[in-house]
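S.K.: One structure coming up, written as structure tokens, with questions to follow.
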Amino acid sequence: MTEQPTLTINGDPRQPRSWFVGIHKLPPDVIGSLVACPESDRLLQAMLRVRVIGPGVPEGAADDLPDVAGRYYILEDGVRFIPRFPFEPGVRFRATFEPRQIGLPQCRESLACEFSIPREIRGPRARVKQVFPTSDALPENLLRFYACFSEPMQRGWAEKHIMLLDAAGRPVPDVLYRPPLELWDRSMTCLTILLDPGRLKRGVGPNRALGPPLEEGRQYTLAIDSGMLDMSGRPLRTSFRKTFHVLAAVREGIAVEQWSIRLPRPKSRESLDLGFPRPMDWALLWHTVSVASEGGQPIEGHISIDQCERRWSFTPKSFWSPGSYCFCVESSLEDVCGNSLLGPFDRPLRSTGGRGCKTARWSRPLLIA
């Protein structure tokens, strides 16, 4: 498989002039063309651009601002942009890479990354707070992990410092999907780590050639090395290890009617609890399950998820009034294998059989009396 270019922001907060934008994993022939091109400066400026997007810049006005001035350096496998003046701490910037400008047919989409330089080093060093799923027994067709950190982190370090190890502590090759741009949330504290979807989908090329990423009956360890850097440029306080063994694959859609329900007492603030026969996707549970009044108005309250993502609990902001309610489930909810209300993750694309869901939301009435 051809490696995809990556876009990174690197630097040391103790040295303001050290920050730069980089493109890595460019093919040797592309590097050679850039070196030989008599108008390489113009080509590089069109390929890799950095602009200011805030603060004080109105929405949509960033496109009218000139690019950040700087110099381009062609490296052995990429390009580095160093601004003429250091990036100002606290100002938001957007770096974009346009592969079409240099004719990269294997990289069809542009890459973009928003960033700001930290003002100074503050607070404790970051650590891995938790990795989801939390169970130490996971299905063979597990789709993703979520690594949650205590402080905002930098992009560009996951490929080197996150890997899957076998029972002997050796890295297992070609099991984690390495996207061109790491899958961080807006806070830069939660990273989605995908297992290779091509190896999970039965019948497609990578699955036929290499088999599934995990094997039932084996033990693995997700290893997050302390070399991951936070926004202040400091490494993690310590490395993190999550060891688990592999169970049989789960290839069934989510059946909401199989969930257990524990209703609260009226005139109390007891939680309404939903129990699942298998673990659900931790991140999706937060915004795909909700409680509403009989008239469809959302009920305000606090959500908690525990029992290895097998229980969802809702505690209302106010006391429960006797009456009718309903809990609602969006069809985008998935279990840890990517199975949803619409069916299994690797169901045949043209299949019309099996369990399905025609609506975007599923709801069930509840009576608190």
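Naming scheme: A, B, ... for chains in displayed order of the structure tokens; residues 1 onward per chain; ligands 1 onward as shown.
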Report the closest atom pair, with its distance in Å rounded to one decimal, for each residue of stretch 122-158 of chain A that has an atom no farther than 10 Å from stretch 233-238 of chain A; count only C-alpha atoms, sort by chain and then rising residue number, and write it as CSV.

M.R.:
```
residue,atom,partner,partner_atom,distance
A:Pro124,CA,A:Arg237,CA,8.6
A:Arg125,CA,A:Arg237,CA,5.6
A:Ala126,CA,A:Leu236,CA,5.1
A:Arg127,CA,A:Leu236,CA,5.3
A:Val128,CA,A:Leu236,CA,7.8
A:Phe149,CA,A:Leu236,CA,9.2
A:Ser150,CA,A:Leu236,CA,9.7
A:Glu151,CA,A:Leu236,CA,9.6
A:Met153,CA,A:Gly233,CA,8.5
A:Gln154,CA,A:Gly233,CA,7.7
```

S.K.: Please, could you write that set of residues out with C-alpha atoms as a CSV table (one decimal), in the first residue's frame?

M.R.:
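The resulting file, result.csv, is shown below:
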```
chain,number,residue,atom,x,y,z
A,124,PRO,CA,1.2,19.3,34.9
A,125,ARG,CA,2.6,17.0,32.2
A,126,ALA,CA,0.0,15.1,30.3
A,127,ARG,CA,-0.9,11.5,30.9
A,128,VAL,CA,-3.2,8.9,29.4
A,149,PHE,CA,-5.3,12.4,27.6
A,150,SER,CA,-5.3,14.8,30.6
A,151,GLU,CA,-4.0,17.7,28.5
A,153,MET,CA,-1.7,17.1,22.7
A,154,GLN,CA,0.2,17.8,19.5
```

S.K.: List the spatial neighbours of A:Arg364 as a VMD selection string - criterion: any atom at most 10 Å away, only C-alpha atoms, same-chain residues fewer than 5 positions off excluded.

M.R.: chain A and resid 256 to 257 291 325 to 329

S.K.: How many Å separate atom CA of A:Tyr177 from atom CA of A:Pro27?

M.R.: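 Interatomic distance, atom CA of A:Tyr177 to atom CA of A:Pro27: 19.7 Å.
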
S.K.: Find the residues near A:Ala137: any atom within 12 Å, counting only C-alpha atoms, skip ones fewer than 6 places away on the same chain, and give them as number ranges by chain.

M.R.: A: 216-221, 242-249, 278-279, 308, 336

S.K.: What's the 10 Å shell around A:Asp306, counting only C-alpha atoms, without same-chain residues fewer than 6 positions away, as a PyMOL selection string?

M.R.: chain A and resi 134+275+279+282+312-313

S.K.: Keeping only N, CA and C atoms, write the selected residues as a compact mmCIF listing (two decimals), in the first residue's frame.

M.R.:
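Final file, again-v5.txt:
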```
# COMPACT_ATOMS: atom_id res chain seq x y z
N THR A 134 -12.97 -0.19 27.66
CA THR A 134 -12.25 -0.45 28.91
C THR A 134 -12.13 -1.93 29.24
N GLY A 275 -29.22 -1.04 30.06
CA GLY A 275 -28.20 -2.07 30.06
C GLY A 275 -28.09 -2.72 28.68
N PRO A 279 -20.81 -4.39 24.72
CA PRO A 279 -20.33 -3.01 24.85
C PRO A 279 -20.69 -2.16 23.64
N TRP A 282 -18.08 3.99 23.10
CA TRP A 282 -18.07 4.95 24.21
C TRP A 282 -18.34 6.38 23.73
N TRP A 312 -25.63 2.69 30.33
CA TRP A 312 -25.81 4.12 30.12
C TRP A 312 -26.81 4.61 31.16
N SER A 313 -26.44 5.64 31.92
CA SER A 313 -27.30 6.14 32.99
C SER A 313 -27.56 7.62 32.78
```

S.K.: Separation of atom CA of A:Leu48 and atom CA of A:Thr192, in Å?

M.R.: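 That distance, rounded to one decimal, is 25.9 Å.
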